[in-house]
Amino acid sequence: DDCWPGMWEKLRDLTPVPESEATAWSPKLKVQFAALDALAFLAGDSALVSAVAQELVTIGIKFAAKGVAERLRDRAWALLGLLTTAQPELVWLYAREGHQARAAQTSMAAPQPTMPLLVDVGGAALAE
């Protein structure tokens, strides 16, 4: 509970290590991997993470994006999988947001507003 605000701030602002830079087990990759691994572990206890589930979903989506280092994507998908077990509607809502934004861009329809937390973490790039 005490460390979440700092962790959220760091993960929100971090640029995920791309796959092209993941051949070396760099300190940046290690930090991101460890953070996602710890969050995935904690997400196994829904009571523990329920207050920050929305933020965790956005972090998961951010690090599950195409082009992100495969190791990070694996941890992000593990995090999203555990969150789906505890709060399936929330994960669906965020996944749906990305799908609608992509559909709006390809159909030339007016773009749908994006979710503020998703934009905050840079997850809006998933809609491109």
# chains A, B, ... in the order shown; residues from 1 in each chain; ligands from 1
>>> select_by_dssp(residues="stretch 9-101 of chain A", states="alpha helix (DSSP H)", output="ChimeraX atom specification")
/A:9-13,27-42,46-49,53-63,70-86,88-101
>>> closest_residue(among="A:Arg96, A:Lys30, A:Arg73, A:Arg12", to="A:Glu55", atoms="only C-alpha atoms")
A:Arg12
>>> closest_residue(among="A:Ala43, A:Val31, A:Ala51, A:Leu36", to="A:Ala76", atoms="only C-alpha atoms")
A:Leu36
>>> closest_residue(among="A:Phe63, A:Ala47, A:Phe41, A:Ala69", to="A:Leu82", atoms="only C-alpha atoms")
A:Phe41
>>> residues_around(residues="stretch 83-95 of chain A", least_positions_apart="6", cutoff="9 Å", atoms="only C-alpha atoms", output="JSON, numbers by chain")
{"A": [40, 43, 44, 45, 46, 47, 49, 50, 53, 54, 56, 57, 58, 61, 115, 118]}
>>> atom_distance(atom1="atom CA of A:Glu97", atom2="atom CA of A:Leu48")
25.6 Å
>>> decode(residues="stretch 19-66 of chain A", atoms="C-alpha atoms", output="JSON list (two decimals), in the first residue's frame")
[["chain", "number", "residue", "atom", "x", "y", "z"],
["A", 19, "GLU", "CA", 12.27, -6.32, -28.40],
["A", 20, "SER", "CA", 15.08, -4.89, -30.53],
["A", 21, "GLU", "CA", 16.93, -3.86, -27.34],
["A", 22, "ALA", "CA", 16.15, -6.99, -25.32],
["A", 23, "THR", "CA", 19.03, -9.19, -26.44],
["A", 24, "ALA", "CA", 21.13, -7.94, -23.54],
["A", 25, "TRP", "CA", 19.73, -8.43, -20.07],
["A", 26, "SER", "CA", 20.11, -4.70, -19.39],
["A", 27, "PRO", "CA", 19.40, -3.05, -16.03],
["A", 28, "LYS", "CA", 16.38, -1.30, -17.57],
["A", 29, "LEU", "CA", 14.95, -4.63, -18.75],
["A", 30, "LYS", "CA", 15.66, -6.25, -15.37],
["A", 31, "VAL", "CA", 13.84, -3.48, -13.49],
["A", 32, "GLN", "CA", 10.79, -3.61, -15.75],
["A", 33, "PHE", "CA", 10.70, -7.41, -15.64],
["A", 34, "ALA", "CA", 10.98, -7.49, -11.83],
["A", 35, "ALA", "CA", 8.24, -4.89, -11.41],
["A", 36, "LEU", "CA", 5.83, -6.73, -13.72],
["A", 37, "ASP", "CA", 6.68, -10.06, -12.13],
["A", 38, "ALA", "CA", 5.98, -8.69, -8.65],
["A", 39, "LEU", "CA", 2.69, -7.13, -9.78],
["A", 40, "ALA", "CA", 1.62, -10.38, -11.45],
["A", 41, "PHE", "CA", 2.39, -12.23, -8.23],
["A", 42, "LEU", "CA", 0.42, -9.73, -6.14],
["A", 43, "ALA", "CA", -2.50, -9.78, -8.59],
["A", 44, "GLY", "CA", -3.09, -13.37, -7.50],
["A", 45, "ASP", "CA", -4.67, -11.92, -4.35],
["A", 46, "SER", "CA", -7.66, -9.94, -5.61],
["A", 47, "ALA", "CA", -8.32, -8.41, -2.20],
["A", 48, "LEU", "CA", -4.81, -7.01, -2.14],
["A", 49, "VAL", "CA", -4.99, -5.32, -5.56],
["A", 50, "SER", "CA", -8.68, -4.45, -5.87],
["A", 51, "ALA", "CA", -8.10, -0.78, -5.03],
["A", 52, "VAL", "CA", -5.55, -0.40, -7.83],
["A", 53, "ALA", "CA", -6.93, -2.88, -10.37],
["A", 54, "GLN", "CA", -7.67, -0.21, -12.96],
["A", 55, "GLU", "CA", -4.10, 1.06, -12.86],
["A", 56, "LEU", "CA", -2.77, -2.49, -13.06],
["A", 57, "VAL", "CA", -4.85, -3.19, -16.15],
["A", 58, "THR", "CA", -3.44, -0.13, -17.89],
["A", 59, "ILE", "CA", 0.11, -1.15, -16.98],
["A", 60, "GLY", "CA", -0.57, -4.66, -18.29],
["A", 61, "ILE", "CA", -1.89, -3.31, -21.57],
["A", 62, "LYS", "CA", 1.05, -0.94, -21.92],
["A", 63, "PHE", "CA", 3.62, -3.71, -21.51],
["A", 64, "ALA", "CA", 1.67, -6.28, -23.56],
["A", 65, "ALA", "CA", 1.89, -4.11, -26.67],
["A", 66, "LYS", "CA", 3.39, -5.37, -29.90]]
